[in-house]
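So this one's target38.cif, mmCIF, C-alpha atoms and all ligand atoms:
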```cif
data_data
loop_
_atom_site.label_atom_id
_atom_site.label_comp_id
_atom_site.auth_asym_id
_atom_site.auth_seq_id
_atom_site.Cartn_x
_atom_site.Cartn_y
_atom_site.Cartn_z
CA MET K 59 13.61 -5.03 2.81
CA VAL K 60 14.61 -5.02 -0.85
CA ASN K 61 18.26 -4.35 -1.85
CA GLY K 62 18.87 -3.18 1.69
CA LEU K 63 16.41 -0.31 1.27
CA SER K 64 13.11 0.19 3.01
CA THR K 65 10.06 -1.33 1.38
CA LYS K 66 8.28 1.97 0.97
CA MET K 67 6.38 1.81 -2.31
CA SER K 68 7.81 3.89 -5.14
CA ILE K 69 5.09 2.91 -7.59
CA LYS K 70 1.55 1.97 -6.72
CA ILE K 71 -0.96 1.13 -9.43
CA GLN K 72 -4.51 0.33 -8.38
CA ASN K 73 -7.32 -0.93 -10.61
CA LEU K 74 -5.89 1.01 -13.53
CA SER K 75 -7.65 0.89 -16.91
CA LYS K 76 -7.17 2.65 -20.22
CA VAL K 77 -9.73 2.49 -22.99
CA TYR K 78 -8.88 3.64 -26.52
CA GLY K 79 -12.17 3.92 -28.41
CA THR K 80 -13.67 0.49 -27.88
CA GLN K 81 -10.41 -1.23 -26.91
CA ARG K 82 -9.54 -1.83 -23.25
CA ALA K 83 -5.74 -1.65 -23.67
CA VAL K 84 -5.14 -1.77 -19.89
CA ASP K 85 -7.80 -3.64 -17.98
CA ASP K 86 -8.07 -3.19 -14.22
CA ILE K 87 -4.43 -3.80 -13.32
CA SER K 88 -2.85 -3.42 -9.88
CA PHE K 89 0.78 -3.81 -8.83
CA GLU K 90 3.40 -2.12 -6.72
CA VAL K 91 7.13 -1.54 -6.96
CA ALA K 92 9.08 -1.11 -3.73
CA LYS K 93 11.81 1.47 -3.31
CA GLY K 94 15.09 0.12 -4.70
CA GLU K 95 13.60 -2.69 -6.78
CA ILE K 96 14.38 -3.32 -10.44
CA VAL K 97 11.24 -4.73 -12.03
CA GLY K 98 10.94 -6.14 -15.53
CA PHE K 99 7.61 -5.36 -17.19
CA LEU K 100 6.99 -8.04 -19.78
CA GLY K 101 4.26 -8.84 -22.24
CA PRO K 102 3.73 -9.58 -25.92
CA ASN K 103 3.33 -6.79 -28.50
CA GLY K 104 0.24 -4.74 -27.80
CA ALA K 105 -0.17 -6.10 -24.24
CA GLY K 106 -0.39 -2.62 -22.67
CA LYS K 107 3.14 -2.00 -21.36
CA SER K 108 3.77 1.37 -23.02
CA THR K 109 0.26 2.55 -22.19
CA THR K 110 0.80 1.74 -18.50
CA MET K 111 4.18 3.51 -18.52
CA LYS K 112 2.73 6.56 -20.25
CA ILE K 113 0.03 6.79 -17.58
CA LEU K 114 2.67 6.46 -14.83
CA THR K 115 4.67 9.30 -16.31
CA GLY K 116 1.64 11.54 -16.77
CA TYR K 117 1.81 11.47 -20.59
CA LEU K 118 -1.60 9.82 -20.85
CA PRO K 119 -4.63 10.07 -18.58
CA ALA K 120 -6.08 6.83 -17.21
CA THR K 121 -9.69 5.97 -17.91
CA ASP K 122 -10.13 4.46 -14.43
CA GLY K 123 -8.13 3.63 -11.34
CA SER K 124 -5.09 5.34 -9.87
CA ALA K 125 -1.32 5.47 -10.19
CA GLU K 126 1.11 6.91 -7.66
CA VAL K 127 4.84 7.59 -7.89
CA ASN K 128 6.73 8.30 -4.67
CA GLY K 129 3.37 8.77 -2.97
CA PHE K 130 2.23 11.40 -5.52
CA ASP K 131 -0.93 10.75 -7.50
CA VAL K 132 -0.27 11.16 -11.25
CA LYS K 133 -3.61 12.87 -11.78
CA THR K 134 -3.60 15.35 -8.93
CA LEU K 135 0.15 15.96 -8.44
CA PRO K 136 1.63 15.65 -11.96
CA MET K 137 4.52 18.08 -11.39
CA GLN K 138 5.73 16.21 -8.30
CA VAL K 139 5.47 12.97 -10.27
CA LYS K 140 7.48 14.42 -13.18
CA SER K 141 10.28 15.56 -10.90
CA SER K 142 10.37 12.12 -9.19
CA ILE K 143 10.78 10.15 -12.42
CA GLY K 144 13.17 9.78 -15.30
CA TYR K 145 11.46 8.43 -18.41
CA LEU K 146 12.99 6.86 -21.49
CA PRO K 147 10.13 6.45 -23.98
CA GLU K 148 10.06 3.56 -26.46
CA HIS K 149 10.84 5.73 -29.48
CA ASN K 150 13.33 7.91 -27.61
CA PRO K 151 12.65 11.25 -29.28
CA LEU K 152 15.89 13.23 -29.54
CA TYR K 153 16.80 16.47 -31.30
CA LEU K 154 19.23 15.14 -33.90
CA ASP K 155 20.59 18.58 -34.74
CA MET K 156 21.57 19.33 -31.15
CA TYR K 157 24.96 18.56 -29.65
CA VAL K 158 24.95 16.02 -26.81
CA ARG K 159 25.94 18.54 -24.18
CA GLU K 160 23.54 21.17 -25.56
CA PHE K 161 20.64 18.71 -25.47
CA LEU K 162 21.39 17.67 -21.89
CA GLU K 163 21.64 21.32 -20.83
CA PHE K 164 18.23 21.84 -22.39
CA ALA K 165 16.83 18.70 -20.66
CA GLY K 166 18.25 19.83 -17.31
CA SER K 167 16.86 23.35 -17.71
CA LEU K 168 13.38 21.86 -18.06
CA TYR K 169 13.80 20.62 -14.48
CA GLY K 170 14.84 24.07 -13.28
CA LEU K 171 18.59 23.38 -13.20
CA LYS K 172 20.71 26.37 -14.18
CA GLY K 173 24.12 28.00 -14.02
CA LYS K 174 26.96 26.08 -12.41
CA THR K 175 24.63 23.42 -10.98
CA LEU K 176 23.38 22.63 -14.48
CA GLN K 177 26.93 22.45 -15.88
CA ILE K 178 28.05 20.11 -13.08
CA LYS K 179 24.99 17.90 -13.46
CA VAL K 180 25.46 17.65 -17.24
CA ALA K 181 29.13 16.74 -16.85
CA GLU K 182 28.38 14.14 -14.14
CA THR K 183 25.59 12.55 -16.16
CA ILE K 184 27.74 12.39 -19.31
CA GLU K 185 30.35 10.49 -17.30
CA MET K 186 27.76 8.25 -15.63
CA VAL K 187 26.32 7.00 -18.93
CA GLY K 188 29.70 6.72 -20.69
CA LEU K 189 29.20 9.52 -23.23
CA GLY K 190 32.55 11.19 -22.50
CA LEU K 191 34.10 10.50 -25.90
CA GLU K 192 30.96 11.43 -27.84
CA LYS K 193 29.90 14.52 -25.95
CA HIS K 194 31.08 16.98 -28.62
CA LYS K 195 29.07 15.29 -31.39
CA LYS K 196 25.63 16.08 -32.69
CA ILE K 197 23.04 13.49 -31.63
CA GLY K 198 22.37 12.72 -35.32
CA GLN K 199 26.00 11.57 -35.66
CA LEU K 200 25.74 9.01 -32.86
CA SER K 201 25.15 5.25 -33.18
CA LYS K 202 21.89 3.81 -31.84
CA GLY K 203 23.60 2.62 -28.63
CA TYR K 204 25.00 6.06 -27.93
CA ARG K 205 21.63 7.66 -28.70
CA GLN K 206 20.15 5.37 -26.05
CA ARG K 207 22.80 6.62 -23.65
CA VAL K 208 21.71 10.17 -24.43
CA GLY K 209 18.12 9.09 -23.74
CA LEU K 210 19.19 7.58 -20.43
CA ALA K 211 21.18 10.70 -19.60
CA GLN K 212 18.12 12.94 -20.14
CA ALA K 213 16.16 10.55 -17.90
CA LEU K 214 18.84 10.82 -15.18
CA ILE K 215 19.76 14.50 -15.40
CA HIS K 216 17.62 15.62 -12.43
CA ASN K 217 18.63 12.63 -10.27
CA PRO K 218 15.12 11.13 -10.07
CA ASP K 219 14.26 8.40 -7.55
CA VAL K 220 12.35 6.35 -10.11
CA LEU K 221 13.36 5.32 -13.64
CA ILE K 222 10.75 4.22 -16.18
CA LEU K 223 12.42 2.73 -19.24
CA ASP K 224 10.35 1.55 -22.20
CA GLU K 225 12.31 -1.09 -24.14
CA PRO K 226 15.68 0.58 -23.49
CA THR K 227 17.71 -2.08 -25.32
CA THR K 228 15.61 -2.69 -28.42
CA GLY K 229 17.61 -2.53 -31.63
CA LEU K 230 21.05 -2.56 -30.00
CA ASP K 231 23.89 -4.81 -31.12
CA PRO K 232 25.06 -7.46 -28.61
CA ASN K 233 27.92 -5.30 -27.29
CA GLN K 234 25.78 -2.22 -26.81
CA LEU K 235 23.08 -4.38 -25.29
CA VAL K 236 25.41 -5.67 -22.59
CA GLU K 237 26.73 -2.16 -21.95
CA ILE K 238 23.29 -0.55 -21.60
CA ARG K 239 22.17 -3.46 -19.40
CA GLU K 240 25.17 -2.93 -17.12
CA LEU K 241 24.35 0.75 -17.03
CA ILE K 242 20.75 0.10 -16.00
CA LYS K 243 21.97 -2.27 -13.33
CA SER K 244 24.47 0.19 -11.94
CA VAL K 245 22.15 3.23 -11.90
CA GLY K 246 19.48 0.92 -10.47
CA ARG K 247 21.59 0.32 -7.35
CA ASN K 248 20.16 3.37 -5.69
CA LYS K 249 16.98 3.94 -7.67
CA THR K 250 13.70 2.21 -8.34
CA VAL K 251 13.53 0.97 -11.93
CA ILE K 252 10.69 -0.40 -14.00
CA PHE K 253 11.61 -1.33 -17.54
CA SER K 254 9.90 -3.17 -20.37
CA THR K 255 11.69 -5.64 -22.59
CA HIS K 256 11.14 -8.57 -24.91
CA ILE K 257 14.55 -10.04 -24.09
CA MET K 258 14.30 -12.77 -21.48
CA GLN K 259 18.06 -12.94 -20.77
CA GLU K 260 17.84 -9.31 -19.83
CA VAL K 261 15.23 -10.11 -17.24
CA GLU K 262 17.47 -12.79 -15.79
CA ALA K 263 20.46 -10.44 -15.81
CA ILE K 264 18.87 -7.38 -14.25
CA CYS K 265 15.55 -7.89 -12.48
CA ASP K 266 14.60 -8.48 -8.86
CA ARG K 267 11.03 -9.14 -9.92
CA VAL K 268 8.90 -9.58 -13.01
CA VAL K 269 5.40 -8.38 -13.83
CA ILE K 270 3.83 -9.94 -16.93
CA ILE K 271 0.89 -8.32 -18.71
CA ASN K 272 -1.19 -9.96 -21.43
CA ARG K 273 -4.08 -8.33 -23.30
CA GLY K 274 -4.25 -5.59 -20.70
CA LYS K 275 -4.32 -7.90 -17.64
CA ILE K 276 -1.58 -8.85 -15.18
CA VAL K 277 -0.94 -12.58 -15.53
CA ALA K 278 2.13 -12.89 -13.28
CA ASN K 279 3.91 -10.91 -10.60
CA GLY K 280 6.81 -12.47 -8.71
CA THR K 281 10.52 -12.98 -8.35
CA LEU K 282 12.28 -14.96 -11.05
CA SER K 283 12.64 -17.95 -8.75
CA GLU K 284 8.94 -17.85 -7.89
CA LEU K 285 7.98 -17.75 -11.59
CA LYS K 286 10.45 -20.47 -12.54
CA GLN K 287 9.23 -22.94 -9.96
CA GLY K 288 9.30 -26.49 -11.26
CA GLY K 289 12.53 -25.89 -13.15
CA LYS K 290 10.95 -24.02 -16.07
CA GLY K 291 12.85 -21.36 -18.01
CA ILE K 292 11.47 -17.82 -17.98
CA GLU K 293 10.75 -18.08 -21.74
CA ASP K 294 8.53 -21.12 -21.16
CA VAL K 295 6.75 -19.34 -18.32
CA PHE K 296 6.21 -16.30 -20.55
CA ARG K 297 4.86 -18.40 -23.44
CA GLU K 298 2.51 -20.39 -21.21
CA LEU K 299 1.06 -17.22 -19.69
CA THR K 300 0.72 -15.19 -22.87
CA ALA K 301 -0.01 -17.72 -25.61
N1 LIG B 401 -3.05 6.11 -29.09
C1 LIG B 401 -3.66 4.93 -29.28
N2 LIG B 401 -4.87 4.86 -29.86
C2 LIG B 401 -5.51 3.67 -30.02
N3 LIG B 401 -5.00 2.48 -29.64
C3 LIG B 401 -3.79 2.49 -29.08
C4 LIG B 401 -3.05 3.70 -28.86
N4 LIG B 401 -1.88 3.39 -28.24
C5 LIG B 401 -1.88 2.04 -28.09
N5 LIG B 401 -3.01 1.51 -28.59
C6 LIG B 401 -3.39 0.09 -28.57
O1 LIG B 401 -3.39 -0.34 -27.22
C7 LIG B 401 -2.83 -1.66 -27.11
C8 LIG B 401 -1.67 -1.64 -26.14
O2 LIG B 401 -0.61 -0.91 -26.74
P1 LIG B 401 0.78 -0.64 -26.00
O3 LIG B 401 1.59 0.23 -26.91
O4 LIG B 401 0.51 -0.17 -24.64
O5 LIG B 401 1.39 -2.12 -25.94
P2 LIG B 401 2.85 -2.63 -25.61
O6 LIG B 401 2.69 -3.76 -24.66
O7 LIG B 401 3.71 -1.50 -25.20
O8 LIG B 401 3.32 -3.21 -27.02
P3 LIG B 401 4.80 -3.33 -27.72
O9 LIG B 401 5.51 -4.44 -27.02
O10 LIG B 401 4.44 -3.69 -29.13
O11 LIG B 401 5.46 -1.98 -27.61
C9 LIG B 401 -2.45 -2.07 -28.53
O12 LIG B 401 -3.48 -2.86 -29.07
C10 LIG B 401 -2.33 -0.75 -29.27
O13 LIG B 401 -2.65 -0.89 -30.65
#
```

Using structure tokens, write down the structure that the file contains.
Amino acid sequence: MVNGLSTKMSIKIQNLSKVYGTQRAVDDISFEVAKGEIVGFLGPNGAGKSTTMKILTGYLPATDGSAEVNGFDVKTLPMQVKSSIGYLPEHNPLYLDMYVREFLEFAGSLYGLKGKTLQIKVAETIEMVGLGLEKHKKIGQLSKGYRQRVGLAQALIHNPDVLILDEPTTGLDPNQLVEIRELIKSVGRNKTVIFSTHIMQEVEAICDRVVIINRGKIVANGTLSELKQGGKGIEDVFRELTA
């Protein structure tokens, strides 16, 4: 049992590889994320985190191996995978000219929500991510932290079981950082979350477990206490494994 939920696997990656030209960006990796877990996906720049996440979300095809979300294979059942996940990409592409509410209505409509159900879902999600005071603004008028909230809202609009967040707190000021972290933690109470980050305190604050990737290979997979055995800090562990 993890977080009181069953240990059914929400994410299952087996012998996954991605080759770009001559570069093996992801090299035969395997790991699983159980239902209800919050897993930190760590690794230095260029380690293969975004590539793995893009394969999981169906944005990129794998070269080899398999990836499943909620039991659905990303290659053979991409639509089921897309409706099971909420994805916040690293460079959170938003339509700056759209109003917050308008954008979220658009995002919800892509998942087949319409009419009253769509309106209710948009209103609930705006409240959930704390966008209430900013909801009448255009996205281009929002601060970076609030744009991230819009990104999280579009990831949550269809109430997915699994959240895949690629560096959700990069570039935020310390106040926004704490707020977005709290938000991830609270929405993660009843969802499976995998998120990448370079901030080690974040890992300590949010994660049940950590997977570390280096040069396309998994170099660690365990709970924080397992990785920190011997009294080491998570930063030391990270540096030793990825130097
Ligand atoms: N479309 C692409 N074409 C060619 N090479 C790519 C492409 N996308 C990523 N790469 C390369 O694959 C490797 C892994 O990149 P990826 O973006 O997955 O790393 P990352 O761990 O997310 O890095 P960061 O922490 O900097 O975001 C890098 O060497 C990168 O240059």

Report as JSON lines the residues of chain K within 6 Å of ligand LIG 401 (chain B), each with its shortest atom pair and distance in Å (one decimal), using only C-alpha atoms and all ligand atoms, ordered by chain and increasing residue number.
```
{"residue": "K:Tyr78", "atom": "CA", "partner": "B:LIG401", "partner_atom": "C2", "distance": 4.9}
{"residue": "K:Ala83", "atom": "CA", "partner": "B:LIG401", "partner_atom": "O1", "distance": 4.5}
{"residue": "K:Gly101", "atom": "CA", "partner": "B:LIG401", "partner_atom": "O6", "distance": 5.8}
{"residue": "K:Pro102", "atom": "CA", "partner": "B:LIG401", "partner_atom": "O9", "distance": 5.5}
{"residue": "K:Asn103", "atom": "CA", "partner": "B:LIG401", "partner_atom": "O10", "distance": 3.4}
{"residue": "K:Gly104", "atom": "CA", "partner": "B:LIG401", "partner_atom": "O5", "distance": 3.4}
{"residue": "K:Ala105", "atom": "CA", "partner": "B:LIG401", "partner_atom": "O6", "distance": 3.7}
{"residue": "K:Gly106", "atom": "CA", "partner": "B:LIG401", "partner_atom": "O4", "distance": 3.3}
{"residue": "K:Lys107", "atom": "CA", "partner": "B:LIG401", "partner_atom": "O6", "distance": 3.8}
{"residue": "K:Ser108", "atom": "CA", "partner": "B:LIG401", "partner_atom": "O7", "distance": 3.6}
{"residue": "K:Thr109", "atom": "CA", "partner": "B:LIG401", "partner_atom": "O4", "distance": 3.7}
```

Contact table segment 64-135 of chain K vs segment 232-249 of chain K, cut-off 12 Å, shortest pair per residue, only C-alpha atoms, as a tab-separated table:
```
residue	atom	partner	partner_atom	distance
K:Ser64	CA	K:Asn248	CA	11.6
K:Ser68	CA	K:Lys249	CA	9.5
K:Ile69	CA	K:Lys249	CA	11.9
K:Val91	CA	K:Lys249	CA	11.3
K:Ala92	CA	K:Lys249	CA	10.2
K:Lys93	CA	K:Lys249	CA	7.2
K:Gly94	CA	K:Lys249	CA	5.2
K:Glu95	CA	K:Lys249	CA	7.5
K:Ile96	CA	K:Gly246	CA	6.6
K:Val97	CA	K:Gly246	CA	10.1
K:Gly98	CA	K:Ile242	CA	11.6
K:Asn128	CA	K:Lys249	CA	11.5
```

Enclose segment 82-97 of chain K, meaning all of its atoms listed in the file, in a box aligned along x, y and z, pad it by 4 Å on each side, and list the centre and edge lengths in Å to one decimal, as JSON.
```
{"center_x": 2.8, "center_y": -1.6, "center_z": -13.5, "size_x": 32.6, "size_y": 14.2, "size_z": 28.4}
```

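For the set K:Asp231, K:Glu298, K:Glu126, K:Glu284, the residue with the smallest atom-to-atom gap to Gln138 of chain K is K:Glu126, counting all atoms listed in the file.
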
Excluding same-chain residues fewer than 3 positions from segment 191-195 of chain K, what lies within 12 Å of it counting only C-alpha atoms, as a PDB file with C-alpha atoms, in the coordinates of the input?
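The resulting out-v7.pdb:
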```
ATOM      1  CA  LEU K 154      19.230  15.140 -33.900  1.00  0.00           C
ATOM      2  CA  ASP K 155      20.590  18.580 -34.740  1.00  0.00           C
ATOM      3  CA  MET K 156      21.570  19.330 -31.150  1.00  0.00           C
ATOM      4  CA  TYR K 157      24.960  18.560 -29.650  1.00  0.00           C
ATOM      5  CA  VAL K 158      24.950  16.020 -26.810  1.00  0.00           C
ATOM      6  CA  ARG K 159      25.940  18.540 -24.180  1.00  0.00           C
ATOM      7  CA  GLU K 160      23.540  21.170 -25.560  1.00  0.00           C
ATOM      8  CA  PHE K 161      20.640  18.710 -25.470  1.00  0.00           C
ATOM      9  CA  LEU K 162      21.390  17.670 -21.890  1.00  0.00           C
ATOM     10  CA  GLU K 163      21.640  21.320 -20.830  1.00  0.00           C
ATOM     11  CA  VAL K 180      25.460  17.650 -17.240  1.00  0.00           C
ATOM     12  CA  ALA K 181      29.130  16.740 -16.850  1.00  0.00           C
ATOM     13  CA  GLU K 182      28.380  14.140 -14.140  1.00  0.00           C
ATOM     14  CA  THR K 183      25.590  12.550 -16.160  1.00  0.00           C
ATOM     15  CA  ILE K 184      27.740  12.390 -19.310  1.00  0.00           C
ATOM     16  CA  GLU K 185      30.350  10.490 -17.300  1.00  0.00           C
ATOM     17  CA  VAL K 187      26.320   7.000 -18.930  1.00  0.00           C
ATOM     18  CA  GLY K 188      29.700   6.720 -20.690  1.00  0.00           C
ATOM     19  CA  GLY K 198      22.370  12.720 -35.320  1.00  0.00           C
ATOM     20  CA  GLN K 199      26.000  11.570 -35.660  1.00  0.00           C
ATOM     21  CA  LEU K 200      25.740   9.010 -32.860  1.00  0.00           C
ATOM     22  CA  SER K 201      25.150   5.250 -33.180  1.00  0.00           C
ATOM     23  CA  GLY K 203      23.600   2.620 -28.630  1.00  0.00           C
ATOM     24  CA  TYR K 204      25.000   6.060 -27.930  1.00  0.00           C
ATOM     25  CA  ARG K 205      21.630   7.660 -28.700  1.00  0.00           C
ATOM     26  CA  ARG K 207      22.800   6.620 -23.650  1.00  0.00           C
ATOM     27  CA  VAL K 208      21.710  10.170 -24.430  1.00  0.00           C
ATOM     28  CA  ALA K 211      21.180  10.700 -19.600  1.00  0.00           C
TER      29      ALA K 211
END
```

Practice task
Could you jot down the atom CA of Leu214 of chain K to atom CA of Ser142 of chain K separation for me, Å, one decimal place?
Solution key: 10.5 Å

Fill in the blank from the handout: From the list K:Leu152, K:Ile143, K:Val251, K:Ile197, the nearest residue to Ile264 of chain K using all atoms listed in the file is K:Val251

Handout entry: Coordinates-based distance that separates atom CA of Gln259 of chain K from atom CA of Thr110 of chain K (Å, one decimal)
Key =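 Atom-to-atom, atom CA of Thr110 of chain K and atom CA of Gln259 of chain K are spaced 22.8 Å apart.
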
In the coordinate frame of the file, compute which residues have an atom within 8 Å of (-5.2, 5.0, -14.2) when using all atoms listed in the file, and state them as a PDB file with C-alpha atoms, keeping the file's coordinate frame.
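Below you can see point-v8.pdb, which holds the result:
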```pdb
ATOM      1  CA  ILE K  71      -0.960   1.130  -9.430  1.00  0.00           C
ATOM      2  CA  GLN K  72      -4.510   0.330  -8.380  1.00  0.00           C
ATOM      3  CA  ASN K  73      -7.320  -0.930 -10.610  1.00  0.00           C
ATOM      4  CA  LEU K  74      -5.890   1.010 -13.530  1.00  0.00           C
ATOM      5  CA  SER K  75      -7.650   0.890 -16.910  1.00  0.00           C
ATOM      6  CA  LYS K  76      -7.170   2.650 -20.220  1.00  0.00           C
ATOM      7  CA  ILE K 113       0.030   6.790 -17.580  1.00  0.00           C
ATOM      8  CA  PRO K 119      -4.630  10.070 -18.580  1.00  0.00           C
ATOM      9  CA  ALA K 120      -6.080   6.830 -17.210  1.00  0.00           C
ATOM     10  CA  THR K 121      -9.690   5.970 -17.910  1.00  0.00           C
ATOM     11  CA  ASP K 122     -10.130   4.460 -14.430  1.00  0.00           C
ATOM     12  CA  GLY K 123      -8.130   3.630 -11.340  1.00  0.00           C
ATOM     13  CA  SER K 124      -5.090   5.340  -9.870  1.00  0.00           C
ATOM     14  CA  ALA K 125      -1.320   5.470 -10.190  1.00  0.00           C
TER      15      ALA K 125
END
```

Practice task
Please determine the residues with any atom at most 9 Å from (10.3, 0.8, -15.8) (coordinates as given in the file, with all atoms listed in the file counting) and report them as a PyMOL selection string.
Solution key: chain K and resi 96-99+111+145-146+220-225+250-254

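Computed from the coordinates, the atom CA of Gly274 of chain K to atom CA of Asp85 of chain K distance equals 4.9 Å.
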
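The closest residue to Thr175 of chain K, picked from K:Leu210, K:Ile215, K:Leu282, K:Ala263 and counting all atoms listed in the file, is K:Ile215.
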
Exercise for the section: Name the closest residue to Asn279 of chain K among the candidates K:Leu100, K:Leu176, K:Val132, K:Leu168; distances are taken between atoms, counting all atoms listed in the file. Expected result: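 The shortest atom-to-atom distance to Asn279 of chain K comes from K:Leu100.
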